[in-house]
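Reproduced below: final-v6.cif, with mmCIF, C-alpha atoms.
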data_structure
loop_
_atom_site.label_atom_id
_atom_site.label_comp_id
_atom_site.auth_asym_id
_atom_site.auth_seq_id
_atom_site.Cartn_x
_atom_site.Cartn_y
_atom_site.Cartn_z
CA TYR A 144 7.41 -11.38 -16.13
CA GLY A 145 7.35 -13.89 -13.27
CA ASN A 146 6.65 -13.14 -9.64
CA SER A 147 9.59 -10.80 -8.93
CA SER A 148 8.17 -7.51 -7.63
CA ARG A 149 11.00 -5.60 -9.39
CA ASN A 150 9.42 -6.44 -12.76
CA TYR A 151 6.18 -4.57 -12.03
CA ALA A 152 4.69 -1.18 -11.27
CA VAL A 153 1.01 -0.33 -10.73
CA ARG A 154 -0.52 2.73 -12.35
CA VAL A 155 -3.57 4.16 -10.59
CA GLY A 156 -5.89 6.91 -11.84
CA ASP A 157 -5.17 6.13 -15.50
CA TYR A 158 -7.89 6.33 -18.15
CA HIS A 159 -6.04 6.62 -21.47
CA THR A 160 -2.77 4.69 -21.66
CA LEU A 161 -1.02 7.21 -23.94
CA VAL A 162 -2.06 10.40 -22.08
CA LEU A 163 -0.62 11.52 -18.72
CA GLU A 164 -3.63 12.49 -16.60
CA GLU A 165 -3.96 14.64 -13.47
CA PHE A 166 -4.80 11.77 -11.08
CA GLU A 167 -2.37 9.25 -12.58
CA GLU A 168 0.34 7.84 -10.30
CA GLU A 169 2.78 4.95 -10.72
CA ILE A 170 3.58 2.89 -7.60
CA GLY A 171 6.20 0.18 -7.08
CA VAL A 172 5.21 -3.34 -6.13
CA GLN A 173 6.42 -4.88 -2.88
CA GLN A 174 5.02 -8.42 -3.36
CA VAL A 175 3.33 -10.47 -6.08
CA VAL A 176 1.09 -13.47 -5.28
CA MET A 177 0.32 -15.34 -8.49
CA HIS A 178 -2.54 -17.81 -8.89
CA GLN A 179 -1.27 -21.31 -8.10
CA GLN A 180 -2.53 -22.70 -11.41
CA TYR A 181 -1.15 -19.93 -13.64
CA ARG A 182 1.04 -21.09 -16.52
CA PRO A 183 2.86 -18.63 -18.86
CA ASP A 184 1.73 -20.51 -21.97
CA SER A 185 -1.99 -20.01 -21.20
CA SER A 186 -4.30 -17.13 -20.33
CA ASP A 187 -6.14 -19.32 -17.79
CA HIS A 188 -5.72 -18.11 -14.19
CA ASP A 189 -3.81 -15.02 -15.37
CA ILE A 190 -4.54 -13.08 -12.20
CA ALA A 191 -2.41 -12.05 -9.25
CA LEU A 192 -2.61 -10.05 -6.04
CA VAL A 193 -0.02 -7.32 -5.52
CA ARG A 194 1.07 -5.49 -2.39
CA LEU A 195 2.03 -1.92 -3.23
CA GLN A 196 5.12 -0.20 -1.86
CA GLY A 197 4.56 2.66 0.53
CA PRO A 198 2.99 3.31 3.94
CA GLU A 199 0.97 0.36 5.29
CA GLU A 200 -2.40 2.09 5.33
CA GLN A 201 -2.22 4.18 2.17
CA CYS A 202 0.25 3.73 -0.67
CA ALA A 203 -1.77 5.67 -3.28
CA ARG A 204 -3.29 9.14 -3.10
CA LEU A 205 -7.04 8.50 -2.96
CA SER A 206 -9.40 10.75 -4.93
CA SER A 207 -12.62 10.60 -6.89
CA HIS A 208 -10.55 8.84 -9.60
CA VAL A 209 -8.54 6.51 -7.32
CA LEU A 210 -10.44 4.38 -4.79
CA PRO A 211 -9.50 1.14 -3.00
CA ALA A 212 -10.83 -2.29 -3.91
CA CYS A 213 -11.52 -4.17 -0.71
CA LEU A 214 -11.00 -7.91 -0.33
CA PRO A 215 -13.12 -9.91 2.13
CA LEU A 216 -11.73 -10.80 5.53
CA GLN A 217 -10.36 -14.35 5.80
CA ARG A 218 -13.50 -15.69 7.51
CA GLU A 219 -15.97 -13.49 5.66
CA ARG A 220 -18.33 -15.32 3.34
CA PRO A 221 -19.38 -13.82 0.01
CA GLN A 222 -22.94 -12.57 -0.28
CA LYS A 223 -25.00 -15.29 -1.88
CA THR A 224 -27.44 -12.71 -3.22
CA ALA A 225 -24.77 -10.83 -5.19
CA SER A 226 -25.05 -11.68 -8.87
CA ASN A 227 -23.09 -8.90 -10.62
CA CYS A 228 -19.86 -6.97 -10.18
CA TYR A 229 -18.34 -3.95 -11.89
CA ILE A 230 -15.11 -4.51 -13.83
CA THR A 231 -12.62 -2.13 -15.45
CA GLY A 232 -9.36 -2.51 -17.34
CA TRP A 233 -7.52 -2.56 -20.63
CA GLY A 234 -7.50 -6.34 -21.17
CA ASP A 235 -8.28 -8.37 -24.27
CA THR A 236 -11.71 -7.50 -25.67
CA GLY A 237 -11.50 -9.89 -28.62
CA ASN A 238 -10.52 -7.11 -31.05
CA ILE A 239 -7.27 -7.08 -33.02
CA SER A 240 -5.58 -4.54 -30.72
CA SER A 241 -5.93 -3.77 -27.04
CA PRO A 242 -7.95 -0.67 -26.15
CA ARG A 243 -6.15 2.57 -25.16
CA ASN A 244 -9.11 3.86 -23.12
CA ARG A 245 -10.11 2.02 -19.98
CA GLN A 246 -13.05 -0.31 -20.60
CA GLU A 247 -15.75 -0.79 -17.96
CA GLY A 248 -18.98 -2.66 -17.43
CA TRP A 249 -21.01 -5.09 -15.39
CA ALA A 250 -20.14 -8.80 -15.27
CA ARG A 251 -21.89 -11.79 -13.79
CA LEU A 252 -20.35 -12.82 -10.47
CA LEU A 253 -19.46 -16.51 -10.24
CA LEU A 254 -19.26 -17.79 -6.67
CA SER A 255 -17.00 -20.77 -6.16
CA SER A 256 -17.30 -23.37 -3.46
CA ARG A 257 -14.07 -25.07 -4.51
CA GLN A 258 -11.59 -25.26 -1.64
CA GLU A 259 -8.61 -24.39 -3.87
CA ASP A 260 -10.26 -21.12 -4.98
CA ARG A 261 -11.01 -20.08 -1.40
CA LYS A 262 -7.40 -20.78 -0.36
CA TRP A 263 -6.05 -18.59 -3.18
CA VAL A 264 -8.26 -15.63 -2.25
CA GLN A 265 -7.09 -15.90 1.37
CA ALA A 266 -3.41 -15.75 0.30
#
Can you give me the file's structure in the form of structure tokens?
Amino acid sequence: YGNSSRNYAVRVGDYHTLVLEEFEEEIGVQQVVMHQQYRPDSSDHDIALVRLQGPEEQCARLSSHVLPACLPLQRERPQKTASNCYITGWGDTGNISSPRNRQEGWARLLLSSRQEDRKWVQA
């Protein structure tokens, strides 16, 4: 899809991809920042940051089902004691088809000291 914000929308509050739920909302994307090493022919580095359209402080209606994910400040260092993080999504689970219900679980947190990784997070 490339990095054109017109090609994307973000859906918040969604649990089942085929069912319209009470807290579900679709929001336009103002800006896409793709990982510098992403290549369309690979699933490596297939991550991006998006800036949502809407008021600066709050573009989505927050609720018990929709909460913000906070990124560290530019000079903030990650906690060296943190070893796990909580992940959610509908991505590839290794099965034949992608799941329709949101998947969730704990994952091991990998801290990187590589300069190129720190620069990308600060973008």
* Point-to-point distance from CA of Leu216 (chain A) to CA of Tyr181 (chain A), Å rounded to tenths ->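 A separation of 23.7 Å between them.
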* To do: Find the residues with any atom within 12 Å of (-8.0, 5.3, -11.4); use all atoms listed in the file and the coordinates as given in the file, and write the answer as a PyMOL selection string.
  => chain A and resi 153-160+164-169+203-212+231-232+244-247
* Could you tell me which of A:Arg218, A:Ala250, A:Asn150, A:Cys213 comes closest to Val172 (chain A) if we count only C-alpha atoms? => A:Asn150
* Structure fact -> Expressed in Å, the length from CA of Asp189 (chain A) to CA of Gln217 (chain A) is 22.2 Å
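Ranking A:Arg243, A:Arg251, A:Arg194, A:Arg220 by their shortest atom-to-atom distance to Ile170 (chain A), with only C-alpha atoms included, puts A:Arg194 first.
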* Excluding same-chain residues fewer than 3 positions from Gly145 (chain A), what lies within 10 Å of it counting all atoms listed in the file, as a list in words? ->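 These residues fall inside the cut-off: Ser148, Arg149, Asn150, Tyr151, Val175, Met177 and Pro183 of chain A.
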Output C-alpha atoms for every residue in the selection just made, as a JSON list (two decimals), in the coordinates of the input.
[["chain", "number", "residue", "atom", "x", "y", "z"],
["A", 148, "SER", "CA", 8.17, -7.51, -7.63],
["A", 149, "ARG", "CA", 11.00, -5.60, -9.39],
["A", 150, "ASN", "CA", 9.42, -6.44, -12.76],
["A", 151, "TYR", "CA", 6.18, -4.57, -12.03],
["A", 175, "VAL", "CA", 3.33, -10.47, -6.08],
["A", 177, "MET", "CA", 0.32, -15.34, -8.49],
["A", 183, "PRO", "CA", 2.86, -18.63, -18.86]]
* Structure fact -> note - CA of Ala152 (chain A) and CA of Gly197 (chain A) are separated by 12.4 Å
* To do: Considering all atoms listed in the file, return as a PyMOL selection string whatever protein or nucleic-acid residues lie within 9 Å of Gly248 (chain A), sequence-local ones (same chain, fewer than 4 positions apart) excluded.
  => chain A and resi 228-231
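Residue nearest Ile190 (chain A), chosen from A:Pro215, A:Asn146, A:Gly171, A:Cys202 and counting all atoms listed in the file: A:Asn146.
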